[in-house]
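Enquirer: This is entry.cif (mmCIF, C-alpha atoms).
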```
data_upload
#
loop_
_atom_site.label_atom_id
_atom_site.label_comp_id
_atom_site.auth_asym_id
_atom_site.auth_seq_id
_atom_site.Cartn_x
_atom_site.Cartn_y
_atom_site.Cartn_z
CA MET A 27 -15.12 -3.82 7.82
CA ARG A 28 -15.20 -2.10 11.16
CA LYS A 29 -11.66 -1.62 12.50
CA PRO A 30 -11.23 0.50 15.64
CA LEU A 31 -8.11 2.64 15.15
CA VAL A 32 -9.50 5.56 13.13
CA VAL A 33 -12.62 5.76 15.25
CA ALA A 34 -10.61 5.70 18.46
CA LEU A 35 -8.39 8.55 17.29
CA CYS A 36 -11.41 10.61 16.22
CA ALA A 37 -13.11 9.98 19.55
CA LEU A 38 -10.03 11.14 21.44
CA ALA A 39 -9.63 14.23 19.30
CA LEU A 40 -13.28 15.27 19.58
CA ALA A 41 -14.13 14.39 23.14
CA GLY A 42 -11.04 13.33 25.07
CA ALA A 43 -9.86 9.91 26.18
CA GLY A 44 -12.57 7.67 27.61
CA ALA A 45 -15.44 9.47 25.91
CA ALA A 46 -18.03 7.56 23.93
CA PRO A 47 -17.27 7.46 20.21
CA ALA A 48 -19.39 9.35 17.71
CA VAL A 49 -22.25 7.45 16.12
CA ALA A 50 -22.82 6.82 12.43
CA SER A 51 -24.89 9.21 10.32
CA ALA A 52 -28.56 8.61 9.59
CA PRO A 53 -29.45 6.06 6.88
CA SER A 54 -30.05 7.22 3.33
CA PRO A 55 -31.31 4.35 1.15
CA THR A 56 -30.65 5.10 -2.51
CA GLY A 57 -32.45 2.23 -4.25
CA ALA A 58 -31.03 1.03 -7.55
CA ASP A 59 -27.65 2.76 -7.74
CA THR A 60 -26.20 3.34 -11.20
CA ALA A 61 -23.69 6.06 -10.28
CA THR A 62 -20.08 5.21 -9.63
CA ASP A 63 -19.57 6.90 -6.27
CA ALA A 64 -22.02 9.77 -5.94
CA VAL A 65 -25.05 9.56 -3.65
CA PRO A 66 -28.23 10.66 -5.48
CA ALA A 67 -30.24 13.61 -4.21
CA VAL A 68 -32.91 12.78 -1.65
CA SER A 69 -36.24 11.88 -3.29
CA LEU A 70 -39.76 11.63 -1.89
CA THR A 71 -39.20 7.88 -1.62
CA ASP A 72 -36.07 8.50 0.47
CA VAL A 73 -38.02 10.76 2.83
CA VAL A 74 -40.80 8.21 3.19
CA ASP A 75 -38.30 5.38 3.75
CA ASP A 76 -36.40 7.38 6.37
CA THR A 77 -39.63 8.36 8.15
CA ALA A 78 -40.88 4.78 8.10
CA GLY A 79 -37.55 3.55 9.42
CA ALA A 80 -37.59 6.06 12.26
CA ALA A 81 -41.16 5.07 13.13
CA ALA A 82 -40.22 1.39 13.12
CA ASP A 83 -37.33 2.05 15.50
CA ALA A 84 -39.60 4.09 17.79
CA LEU A 85 -42.19 1.30 17.83
CA PHE A 86 -39.46 -1.27 18.45
CA ALA A 87 -38.24 0.69 21.49
CA LEU A 88 -41.74 0.54 22.96
CA VAL A 89 -42.60 -3.11 22.38
CA ALA A 90 -39.27 -4.96 22.30
CA PRO A 91 -38.01 -6.95 25.30
CA LYS A 92 -35.88 -4.82 27.58
CA ALA A 93 -32.19 -4.71 26.61
CA ALA A 94 -31.26 -5.19 30.27
CA ALA A 95 -31.83 -8.92 29.68
CA VAL A 96 -28.68 -8.87 27.52
CA ASN A 97 -25.38 -8.04 29.19
CA PHE A 98 -21.63 -8.41 28.62
CA ALA A 99 -21.15 -11.78 30.32
CA GLY A 100 -19.34 -14.11 27.93
CA THR A 101 -18.23 -11.40 25.53
CA VAL A 102 -14.54 -10.77 24.94
CA SER A 103 -12.31 -7.92 23.86
CA LEU A 104 -9.58 -8.42 21.26
CA SER A 105 -6.69 -6.13 20.45
CA ASN A 106 -8.55 -4.83 17.41
CA CYS A 107 -12.14 -6.13 17.61
CA SER A 108 -14.91 -7.61 19.72
CA GLY A 109 -15.89 -11.25 20.13
CA SER A 110 -17.63 -13.79 22.33
CA LEU A 111 -17.06 -17.02 24.17
CA VAL A 112 -19.42 -19.43 22.40
CA ARG A 113 -20.67 -22.98 22.55
CA MET A 114 -22.58 -25.08 20.06
CA PRO A 115 -26.01 -26.42 21.10
CA GLY A 116 -24.40 -29.83 21.60
CA SER A 117 -21.19 -28.69 23.32
CA GLN A 118 -20.33 -30.30 26.67
CA ALA A 119 -18.90 -28.71 29.81
CA ASP A 120 -15.57 -30.50 29.41
CA ASP A 121 -15.13 -29.46 25.75
CA PRO A 122 -12.41 -26.93 24.90
CA ALA A 123 -14.08 -23.52 24.73
CA LEU A 124 -14.48 -21.56 21.49
CA VAL A 125 -14.31 -17.83 20.70
CA LEU A 126 -16.19 -16.26 17.78
CA THR A 127 -15.19 -13.06 15.98
CA ASN A 128 -14.84 -11.84 12.36
CA GLY A 129 -12.51 -13.22 9.72
CA HIS A 130 -11.28 -9.69 9.13
CA CYS A 131 -10.20 -9.49 12.79
CA LEU A 132 -7.43 -12.08 12.38
CA GLU A 133 -4.05 -11.07 13.76
CA SER A 134 -2.54 -12.13 10.43
CA GLY A 135 -4.72 -9.73 8.39
CA PHE A 136 -7.68 -10.15 6.04
CA PRO A 137 -8.12 -13.55 4.34
CA ALA A 138 -8.12 -13.18 0.58
CA PRO A 139 -11.35 -13.68 -1.39
CA GLY A 140 -11.88 -17.43 -1.75
CA GLN A 141 -9.49 -18.25 1.10
CA VAL A 142 -10.61 -20.48 3.99
CA LEU A 143 -8.22 -21.07 6.89
CA VAL A 144 -8.59 -24.23 8.96
CA ASP A 145 -6.72 -25.62 11.99
CA ARG A 146 -3.89 -23.11 12.30
CA ALA A 147 -1.68 -22.62 15.37
CA SER A 148 -2.60 -19.54 17.39
CA SER A 149 -1.77 -17.93 20.72
CA ARG A 150 -4.34 -15.11 20.40
CA SER A 151 -5.45 -13.64 23.74
CA PHE A 152 -8.94 -12.42 24.67
CA GLY A 153 -10.17 -10.34 27.59
CA LEU A 154 -13.15 -12.11 29.17
CA LEU A 155 -15.85 -9.75 30.45
CA ASN A 156 -18.43 -10.23 33.20
CA SER A 157 -22.03 -9.00 33.10
CA SER A 158 -21.08 -5.38 33.85
CA GLY A 159 -18.31 -5.28 31.23
CA THR A 160 -15.38 -5.64 33.63
CA LYS A 161 -12.46 -7.74 32.41
CA VAL A 162 -12.09 -10.70 34.74
CA ALA A 163 -9.57 -12.88 32.90
CA THR A 164 -7.31 -13.25 29.90
CA LEU A 165 -8.13 -16.32 27.84
CA ARG A 166 -5.69 -17.72 25.29
CA ALA A 167 -6.24 -19.70 22.11
CA ASN A 168 -4.17 -22.66 21.02
CA ARG A 169 -5.72 -23.03 17.54
CA LEU A 170 -7.49 -20.98 14.92
CA VAL A 171 -10.18 -23.52 14.07
CA TYR A 172 -11.79 -21.74 11.11
CA ALA A 173 -11.69 -18.36 9.39
CA THR A 174 -12.86 -16.86 6.13
CA MET A 175 -14.18 -13.70 4.50
CA THR A 176 -15.81 -15.61 1.65
CA ASP A 177 -19.64 -15.87 1.76
CA THR A 178 -19.41 -14.92 5.43
CA ASP A 179 -17.00 -13.02 7.69
CA ALA A 180 -16.20 -15.24 10.66
CA ALA A 181 -13.36 -16.72 12.68
CA ILE A 182 -13.55 -19.33 15.43
CA TYR A 183 -10.66 -19.95 17.85
CA ARG A 184 -10.22 -22.89 20.24
CA LEU A 185 -8.97 -22.16 23.76
CA GLY A 186 -6.70 -24.21 25.99
CA THR A 187 -9.38 -24.21 28.71
CA THR A 188 -12.78 -25.88 28.94
CA TYR A 189 -16.19 -24.32 29.55
CA ALA A 190 -16.26 -25.97 32.98
CA GLN A 191 -12.90 -24.49 33.95
CA ILE A 192 -14.00 -21.00 32.90
CA LYS A 193 -17.31 -21.37 34.75
CA SER A 194 -15.58 -22.62 37.90
CA ALA A 195 -12.96 -19.86 37.94
CA TYR A 196 -15.04 -16.86 36.82
CA GLY A 197 -18.71 -17.85 37.06
CA ILE A 198 -19.28 -17.09 33.37
CA ASP A 199 -21.10 -19.25 30.85
CA ALA A 200 -20.49 -19.23 27.11
CA LEU A 201 -23.14 -17.86 24.77
CA THR A 202 -24.88 -20.52 22.68
CA LEU A 203 -24.99 -20.31 18.89
CA SER A 204 -28.47 -20.76 17.49
CA GLY A 205 -28.92 -23.39 14.81
CA THR A 206 -31.91 -21.50 13.40
CA ARG A 207 -31.92 -18.67 10.88
CA PRO A 208 -33.23 -15.41 12.43
CA ALA A 209 -36.39 -13.80 11.07
CA ALA A 210 -37.03 -10.22 10.00
CA GLY A 211 -38.34 -8.23 12.94
CA THR A 212 -36.36 -10.22 15.53
CA ALA A 213 -35.38 -8.07 18.51
CA ILE A 214 -31.59 -8.17 18.89
CA SER A 215 -28.65 -6.67 20.74
CA VAL A 216 -25.13 -6.22 19.34
CA VAL A 217 -22.75 -6.55 22.31
CA SER A 218 -19.30 -5.01 21.85
CA GLY A 219 -16.58 -6.20 24.21
CA TYR A 220 -14.10 -3.76 22.68
CA TRP A 221 -16.16 -0.64 23.48
CA LYS A 222 -18.20 -2.23 26.31
CA ARG A 223 -21.34 -0.97 24.62
CA ILE A 224 -24.65 -2.65 23.76
CA TYR A 225 -26.66 -1.61 20.69
CA THR A 226 -30.34 -2.55 20.64
CA CYS A 227 -32.49 -2.74 17.51
CA SER A 228 -34.17 -5.36 15.32
CA VAL A 229 -33.47 -7.33 12.17
CA ASP A 230 -34.65 -5.08 9.33
CA GLY A 231 -34.17 -7.71 6.65
CA PHE A 232 -31.51 -9.54 4.67
CA ALA A 233 -29.12 -8.69 1.85
CA HIS A 234 -29.03 -11.44 -0.77
CA ARG A 235 -25.42 -10.43 -1.45
CA LEU A 236 -23.40 -7.81 0.41
CA LYS A 237 -20.33 -6.61 -1.48
CA GLU A 238 -17.50 -4.65 0.13
CA GLY A 239 -14.33 -4.09 -1.85
CA ASP A 240 -13.09 -7.50 -3.05
CA TRP A 241 -15.32 -9.50 -0.68
CA THR A 242 -18.90 -10.71 -1.07
CA TRP A 243 -21.10 -12.15 1.69
CA LYS A 244 -24.34 -14.10 1.40
CA ASP A 245 -27.68 -13.60 3.18
CA SER A 246 -26.35 -10.87 5.47
CA VAL A 247 -28.43 -9.50 8.35
CA ARG A 248 -29.38 -5.84 7.95
CA TYR A 249 -30.15 -3.89 11.15
CA THR A 250 -32.67 -1.16 11.69
CA SER A 251 -30.93 2.20 12.14
CA ALA A 252 -30.80 2.09 15.95
CA CYS A 253 -27.82 -0.30 15.76
CA ASP A 254 -25.39 2.38 14.59
CA THR A 255 -22.30 0.25 15.20
CA ILE A 256 -18.79 1.68 14.77
CA GLY A 257 -15.17 0.61 14.38
CA GLY A 258 -14.17 -1.87 17.08
CA THR A 259 -17.60 -3.52 17.18
CA SER A 260 -16.48 -5.99 14.50
CA GLY A 261 -16.92 -9.53 15.78
CA SER A 262 -19.59 -8.62 18.35
CA PRO A 263 -22.21 -11.31 18.95
CA VAL A 264 -25.72 -10.49 17.76
CA VAL A 265 -28.04 -11.85 20.47
CA ASP A 266 -31.70 -12.73 19.95
CA HIS A 267 -33.66 -11.24 22.87
CA ALA A 268 -36.25 -14.01 22.88
CA THR A 269 -33.80 -16.92 23.11
CA GLY A 270 -30.59 -15.35 24.43
CA ARG A 271 -28.73 -17.15 21.64
CA VAL A 272 -26.25 -15.78 19.13
CA VAL A 273 -27.75 -15.53 15.64
CA ALA A 274 -25.06 -13.51 13.84
CA VAL A 275 -21.69 -11.81 14.14
CA ASN A 276 -21.51 -8.05 13.54
CA ASN A 277 -19.13 -7.08 10.75
CA THR A 278 -19.67 -3.89 8.74
CA GLY A 279 -21.70 -0.83 7.74
CA ASN A 280 -21.91 1.78 5.02
CA GLU A 281 -20.20 4.85 6.42
CA ASP A 282 -20.10 7.40 3.57
CA GLY A 283 -22.71 6.36 1.04
CA GLU A 284 -20.11 5.08 -1.42
CA ARG A 285 -20.92 2.12 -3.64
CA CYS A 286 -19.40 -1.30 -2.80
CA THR A 287 -16.10 0.11 -1.48
CA VAL A 288 -14.25 -0.82 1.73
CA ASN A 289 -16.31 0.44 4.71
CA ASN A 290 -19.16 1.14 2.28
CA PRO A 291 -20.81 -2.19 1.43
CA CYS A 292 -23.66 -2.33 -1.06
CA GLU A 293 -26.54 -4.77 -1.34
CA ILE A 294 -27.07 -6.78 -4.52
CA ASP A 295 -30.39 -8.56 -5.02
CA GLU A 296 -31.22 -11.66 -7.06
CA LYS A 297 -31.63 -9.55 -10.22
CA GLY A 298 -28.28 -7.80 -9.78
CA THR A 299 -29.77 -4.50 -8.64
CA VAL A 300 -27.40 -2.57 -6.38
CA THR A 301 -28.70 -0.67 -3.34
CA VAL A 302 -26.62 1.62 -1.13
CA ARG A 303 -27.89 2.37 2.38
CA ARG A 304 -25.72 5.00 4.01
CA GLY A 305 -25.45 4.65 7.79
CA ILE A 306 -26.94 1.15 7.83
CA ASN A 307 -25.01 -1.73 9.41
CA TYR A 308 -24.82 -5.47 8.89
CA ALA A 309 -23.93 -8.84 10.40
CA GLN A 310 -23.21 -12.33 9.12
CA GLN A 311 -25.47 -15.20 10.15
CA THR A 312 -23.99 -17.98 12.30
CA HIS A 313 -26.70 -20.68 12.19
CA LEU A 314 -24.64 -22.76 9.73
CA PHE A 315 -21.81 -23.43 12.20
CA PRO A 316 -23.44 -25.84 14.70
CA ALA A 317 -23.83 -28.51 11.99
CA CYS A 318 -20.07 -28.37 11.38
CA PHE A 319 -18.96 -29.12 14.95
CA GLY A 320 -19.13 -32.54 16.55
CA ALA A 321 -17.85 -34.27 19.67
CA ASP A 322 -15.23 -32.36 21.68
CA ASN A 323 -16.07 -29.24 19.63
CA ARG A 324 -14.14 -30.64 16.68
CA LEU A 325 -14.70 -28.99 13.32
CA THR A 326 -15.92 -31.54 10.76
CA LEU A 327 -16.44 -29.82 7.42
CA SER A 328 -17.55 -33.10 5.85
CA ALA A 329 -20.42 -33.51 8.33
CA SER A 330 -23.94 -33.80 6.97
CA GLY A 331 -25.55 -30.38 6.85
CA CYS A 332 -22.29 -28.46 7.13
CA ALA A 333 -22.68 -25.73 4.51
CA VAL A 334 -19.98 -23.20 5.44
CA PRO A 335 -17.31 -22.38 2.82
CA LYS A 336 -14.57 -24.98 2.63
CA PRO A 337 -10.88 -24.79 1.60
#
```
Is it possible to express this structure as structure tokens?

Expert:
Amino acid sequence: MRKPLVVALCALALAGAGAAPAVASAPSPTGADTATDAVPAVSLTDVVDDTAGAAADALFALVAPKAAAVNFAGTVSLSNCSGSLVRMPGSQADDPALVLTNGHCLESGFPAPGQVLVDRASSRSFGLLNSSGTKVATLRANRLVYATMTDTDAAIYRLGTTYAQIKSAYGIDALTLSGTRPAAGTAISVVSGYWKRIYTCSVDGFAHRLKEGDWTWKDSVRYTSACDTIGGTSGSPVVDHATGRVVAVNNTGNEDGERCTVNNPCEIDEKGTVTVRRGINYAQQTHLFPACFGADNRLTLSASGCAVPKP
């Protein structure tokens, strides 16, 4: 889980207040990991994988749509994370607006494994950003609609204002959640309202299971190494360049090469094989949520097609 405090302190100590934070170290895939904590020595396969990954990122930079098409409009900053003002494909202008972030960004702390929170009172505030990353308003929630760290890592808040009111006052539209699963190779941007920084890369693939400490997530998005996200980027929307829609919510990365520990998630495939990819970062898909929201942006967990974890 990517929390900002430690990174912020390190950034201040190394470069002074206001400087850009340090980036994560280069990836070091280890394949099937049978050691407890140690990272195996680099093999020929590691060198080939790293070289191939670097080449893929270089090619992506040449052929991908320009990142300038993605900006900060509609993103939000939280006290401890990033997030975004979002709408479902069927949301209407007069619906109460929604904000998406991570479950581990809740003001009340991390939900326990297996815990799903629904329809809780909240007065959480969010800094709404315009296209250049300038804060133009403070938005406030009246409910925590949904939050969990089981199978996924997501939280959705409902605001006391509508999309139309926000558009009229600040000229900013919400980002739309895609109802379609992203594909490997998709050009994406991870847009952090906390750091006011945009990371550009592509979907490298998917982790059948991603385990971090006591939590396990399903079908997680794995980035190519160019998206070297850091603490404070948790909750950032992952935007598909081709559609402009949100396909995932950024949530974690393996910082030290440790195996399945907090801040060092590991991948587990269908056969139970564990893979550690140091320096590689991940997001949780969001295409399941549109089926769970109906008229007036009301959460309906019993709706046909709603497959998110339930209480």

Enquirer: Which of these residues is nearest to Ala99 in chain A, using all atoms listed in the file: A:Asp199, A:Asp282, A:Asp121, A:Asp230?

Expert: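 Answer, going by the shortest atom-to-atom distance: A:Asp199.
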
Enquirer: Taking all atoms listed in the file into account, produce a table as JSON lines in which each residue of range 214-323 of chain A with an atom at most 10 Å from an atom of range 162-185 of chain A appears once, together with its shortest atom pair and the distance in Å to one decimal, ordered by chain and rising number.

Expert:
```
{"residue": "A:Arg235", "atom": "CA", "partner": "A:Asp177", "partner_atom": "CA", "distance": 8.6}
{"residue": "A:Leu236", "atom": "CA", "partner": "A:Asp177", "partner_atom": "CA", "distance": 9.0}
{"residue": "A:Lys237", "atom": "CA", "partner": "A:Asp177", "partner_atom": "CA", "distance": 9.8}
{"residue": "A:Asp240", "atom": "CA", "partner": "A:Thr176", "partner_atom": "CA", "distance": 9.8}
{"residue": "A:Trp241", "atom": "CA", "partner": "A:Thr176", "partner_atom": "CA", "distance": 6.6}
{"residue": "A:Thr242", "atom": "CA", "partner": "A:Asp177", "partner_atom": "CA", "distance": 5.9}
{"residue": "A:Trp243", "atom": "CA", "partner": "A:Asp177", "partner_atom": "CA", "distance": 4.0}
{"residue": "A:Lys244", "atom": "CA", "partner": "A:Asp177", "partner_atom": "CA", "distance": 5.0}
{"residue": "A:Asp245", "atom": "CA", "partner": "A:Asp177", "partner_atom": "CA", "distance": 8.5}
{"residue": "A:Ser246", "atom": "CA", "partner": "A:Thr178", "partner_atom": "CA", "distance": 8.0}
{"residue": "A:Ser260", "atom": "CA", "partner": "A:Asp179", "partner_atom": "CA", "distance": 9.8}
{"residue": "A:Gly261", "atom": "CA", "partner": "A:Ala180", "partner_atom": "CA", "distance": 7.7}
{"residue": "A:Ala274", "atom": "CA", "partner": "A:Ala180", "partner_atom": "CA", "distance": 9.6}
{"residue": "A:Val275", "atom": "CA", "partner": "A:Ala180", "partner_atom": "CA", "distance": 7.3}
{"residue": "A:Asn276", "atom": "CA", "partner": "A:Asp179", "partner_atom": "CA", "distance": 8.9}
{"residue": "A:Asn277", "atom": "CA", "partner": "A:Asp179", "partner_atom": "CA", "distance": 7.0}
{"residue": "A:Thr278", "atom": "CA", "partner": "A:Asp179", "partner_atom": "CA", "distance": 9.6}
{"residue": "A:Ala309", "atom": "CA", "partner": "A:Asp179", "partner_atom": "CA", "distance": 8.5}
{"residue": "A:Gln310", "atom": "CA", "partner": "A:Thr178", "partner_atom": "CA", "distance": 5.9}
{"residue": "A:Gln311", "atom": "CA", "partner": "A:Thr178", "partner_atom": "CA", "distance": 7.7}
{"residue": "A:Thr312", "atom": "CA", "partner": "A:Ala180", "partner_atom": "CA", "distance": 8.4}
{"residue": "A:Phe315", "atom": "CA", "partner": "A:Ile182", "partner_atom": "CA", "distance": 9.8}
{"residue": "A:Asn323", "atom": "CA", "partner": "A:Arg184", "partner_atom": "CA", "distance": 8.7}
```

Enquirer: Limited to C-alpha atoms, could you put the picked residues into a file as an mmCIF file, keeping the file's coordinate frame?

Expert:
```cif
data_model
loop_
_atom_site.group_PDB
_atom_site.id
_atom_site.type_symbol
_atom_site.label_atom_id
_atom_site.label_comp_id
_atom_site.auth_asym_id
_atom_site.auth_seq_id
_atom_site.Cartn_x
_atom_site.Cartn_y
_atom_site.Cartn_z
ATOM 1 C CA ARG A 235 -25.420 -10.430 -1.450
ATOM 2 C CA LEU A 236 -23.400 -7.810 0.410
ATOM 3 C CA LYS A 237 -20.330 -6.610 -1.480
ATOM 4 C CA ASP A 240 -13.090 -7.500 -3.050
ATOM 5 C CA TRP A 241 -15.320 -9.500 -0.680
ATOM 6 C CA THR A 242 -18.900 -10.710 -1.070
ATOM 7 C CA TRP A 243 -21.100 -12.150 1.690
ATOM 8 C CA LYS A 244 -24.340 -14.100 1.400
ATOM 9 C CA ASP A 245 -27.680 -13.600 3.180
ATOM 10 C CA SER A 246 -26.350 -10.870 5.470
ATOM 11 C CA SER A 260 -16.480 -5.990 14.500
ATOM 12 C CA GLY A 261 -16.920 -9.530 15.780
ATOM 13 C CA ALA A 274 -25.060 -13.510 13.840
ATOM 14 C CA VAL A 275 -21.690 -11.810 14.140
ATOM 15 C CA ASN A 276 -21.510 -8.050 13.540
ATOM 16 C CA ASN A 277 -19.130 -7.080 10.750
ATOM 17 C CA THR A 278 -19.670 -3.890 8.740
ATOM 18 C CA ALA A 309 -23.930 -8.840 10.400
ATOM 19 C CA GLN A 310 -23.210 -12.330 9.120
ATOM 20 C CA GLN A 311 -25.470 -15.200 10.150
ATOM 21 C CA THR A 312 -23.990 -17.980 12.300
ATOM 22 C CA PHE A 315 -21.810 -23.430 12.200
ATOM 23 C CA ASN A 323 -16.070 -29.240 19.630
#
```

Enquirer: Distance CA of Lys161 in chain A-CA of Thr226 in chain A, one decimal place?

Expert: 22.0 Å

Enquirer: From the list A:Thr269, A:Thr187, A:Thr202, A:Asn128, which residue is nearest Asn106 in chain A when using all atoms listed in the file?

Expert: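 Selected residue with least distance to Asn106 in chain A: A:Asn128.
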
Enquirer: For the structure shown, which residues end up in the PyMOL selection byres ((chain A and resi 330) around 12)? Put them as a list in words, please?

Expert: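 Selected by the PyMOL selection byres ((chain A and resi 330) around 12) in this file: Leu314, Phe315, Pro316, Ala317, Cys318, Phe319, Gly320, Thr326, Leu327, Ser328, Ala329, Gly331, Cys332, Ala333 and Val334 of chain A.
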
Enquirer: Mind telling me what the PyMOL selection byres ((chain A and resi 109) around 12) catches here, as a VMD selection string?

Expert: chain A and resid 98 to 108 110 to 112 124 to 129 131 to 132 151 to 155 180 to 183 200 to 201 216 to 222 258 to 264 272 274 to 277

Enquirer: Need the shell around Val288 in chain A: protein/DNA/RNA residues with any atom at most 8 Å away, counting only C-alpha atoms. Skip same-chain ones fewer than 4 positions apart. Format as a ChimeraX atom specification?

Expert: /A:27,238-239

Enquirer: Could you tell me how far CA of Ser194 in chain A sits from CA of His313 in chain A, in Å to one decimal place?

Expert: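 We find that CA of His313 in chain A and CA of Ser194 in chain A lie 28.1 Å from each other.
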
Enquirer: With distances taken over all atoms listed in the file, which of A:Val265, A:Val142, A:Val229, A:Ile256 is nearest to Ala209 in chain A?

Expert: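 Closest candidate: A:Val229.
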
Enquirer: Please, what distance in Å, to one decimal, runs between CA of Lys336 in chain A and CA of Asp120 in chain A?

Expert: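 Between CA of Lys336 in chain A and CA of Asp120 in chain A the gap works out to 27.4 Å.
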
Enquirer: What's around Gly279 in chain A at 7 Å? Count only C-alpha atoms, leave out sequence neighbours fewer than 6 positions away in its own chain, and write the answer as an mmCIF file with C-alpha atoms, in the coordinates of the input.

Expert:
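Output below, filename part-v2.cif:
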```cif
data_model
loop_
_atom_site.group_PDB
_atom_site.id
_atom_site.type_symbol
_atom_site.label_atom_id
_atom_site.label_comp_id
_atom_site.auth_asym_id
_atom_site.auth_seq_id
_atom_site.Cartn_x
_atom_site.Cartn_y
_atom_site.Cartn_z
ATOM 1 C CA ASN A 289 -16.310 0.440 4.710
ATOM 2 C CA ASN A 290 -19.160 1.140 2.280
ATOM 3 C CA PRO A 291 -20.810 -2.190 1.430
ATOM 4 C CA GLY A 305 -25.450 4.650 7.790
ATOM 5 C CA ILE A 306 -26.940 1.150 7.830
ATOM 6 C CA ASN A 307 -25.010 -1.730 9.410
ATOM 7 C CA TYR A 308 -24.820 -5.470 8.890
#
```

Enquirer: Using only C-alpha atoms, can you tell me which of A:Ala233, A:Ile198, A:Ala252, A:Leu325 comes closest to Thr301 in chain A?

Expert: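 Of A:Ala233, A:Ile198, A:Ala252, A:Leu325, the one nearest Thr301 in chain A is A:Ala233, counting only C-alpha atoms.
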
Enquirer: Just say which residues the PyMOL selection byres ((chain A and resi 337) around 9) picks in this file, as an mmCIF file with C-alpha atoms, keeping the file's coordinate frame.

Expert:
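New file part_24.cif:
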```cif
data_model
loop_
_atom_site.group_PDB
_atom_site.id
_atom_site.type_symbol
_atom_site.label_atom_id
_atom_site.label_comp_id
_atom_site.auth_asym_id
_atom_site.auth_seq_id
_atom_site.Cartn_x
_atom_site.Cartn_y
_atom_site.Cartn_z
ATOM 1 C CA GLY A 140 -11.880 -17.430 -1.750
ATOM 2 C CA GLN A 141 -9.490 -18.250 1.100
ATOM 3 C CA VAL A 142 -10.610 -20.480 3.990
ATOM 4 C CA LEU A 143 -8.220 -21.070 6.890
ATOM 5 C CA VAL A 144 -8.590 -24.230 8.960
ATOM 6 C CA PRO A 335 -17.310 -22.380 2.820
ATOM 7 C CA LYS A 336 -14.570 -24.980 2.630
#
```

Enquirer: Could you give me, as a list in words, the residues that have an atom at most 8 Å away from the point (-37.1, -8.9, 3.8) in the coordinates of the file, using all atoms listed in the file?

Expert: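 Selection result: Ala210, Asp230, Gly231 and Phe232 of chain A.
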
Enquirer: Pick out the closest residue to Gly186 in chain A from this set: A:Ala123, A:Ala213, A:Ala138, A:Cys227. Count only C-alpha atoms.

Expert: A:Ala123

Enquirer: Could you write range 201-210 of chain A as a compact mmCIF listing (two decimals), in the frame of the given file, with N, CA, C and O atoms rebuilt where they are missing?

Expert:
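Just written: rebuild_6.txt:
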```
# COMPACT_ATOMS: atom_id res chain seq x y z
N LEU A 201 -21.91 -18.10 25.52
CA LEU A 201 -23.14 -17.86 24.77
C LEU A 201 -23.34 -19.01 23.79
O LEU A 201 -22.38 -19.53 23.23
N THR A 202 -24.58 -19.40 23.57
CA THR A 202 -24.88 -20.52 22.68
C THR A 202 -25.24 -20.02 21.29
O THR A 202 -26.05 -19.10 21.15
N LEU A 203 -24.63 -20.63 20.26
CA LEU A 203 -24.99 -20.31 18.89
C LEU A 203 -26.33 -20.96 18.56
O LEU A 203 -26.53 -22.15 18.82
N SER A 204 -27.21 -20.21 17.95
CA SER A 204 -28.47 -20.76 17.49
C SER A 204 -28.25 -21.55 16.21
O SER A 204 -27.44 -21.16 15.37
N GLY A 205 -28.98 -22.63 16.05
CA GLY A 205 -28.92 -23.39 14.81
C GLY A 205 -30.04 -23.01 13.86
O GLY A 205 -30.24 -23.66 12.83
N THR A 206 -30.76 -21.93 14.19
CA THR A 206 -31.91 -21.50 13.40
C THR A 206 -31.67 -20.12 12.80
O THR A 206 -31.17 -19.22 13.47
N ARG A 207 -32.05 -19.96 11.55
CA ARG A 207 -31.92 -18.67 10.88
C ARG A 207 -32.84 -17.64 11.54
O ARG A 207 -34.02 -17.93 11.78
N PRO A 208 -32.36 -16.43 11.83
CA PRO A 208 -33.23 -15.41 12.43
C PRO A 208 -34.27 -14.93 11.42
O PRO A 208 -34.09 -15.07 10.21
N ALA A 209 -35.33 -14.32 11.93
CA ALA A 209 -36.39 -13.80 11.07
C ALA A 209 -36.37 -12.28 11.09
O ALA A 209 -35.92 -11.65 12.05
N ALA A 210 -36.87 -11.67 10.02
CA ALA A 210 -37.03 -10.22 10.00
C ALA A 210 -37.94 -9.81 11.15
O ALA A 210 -38.91 -10.49 11.47
```
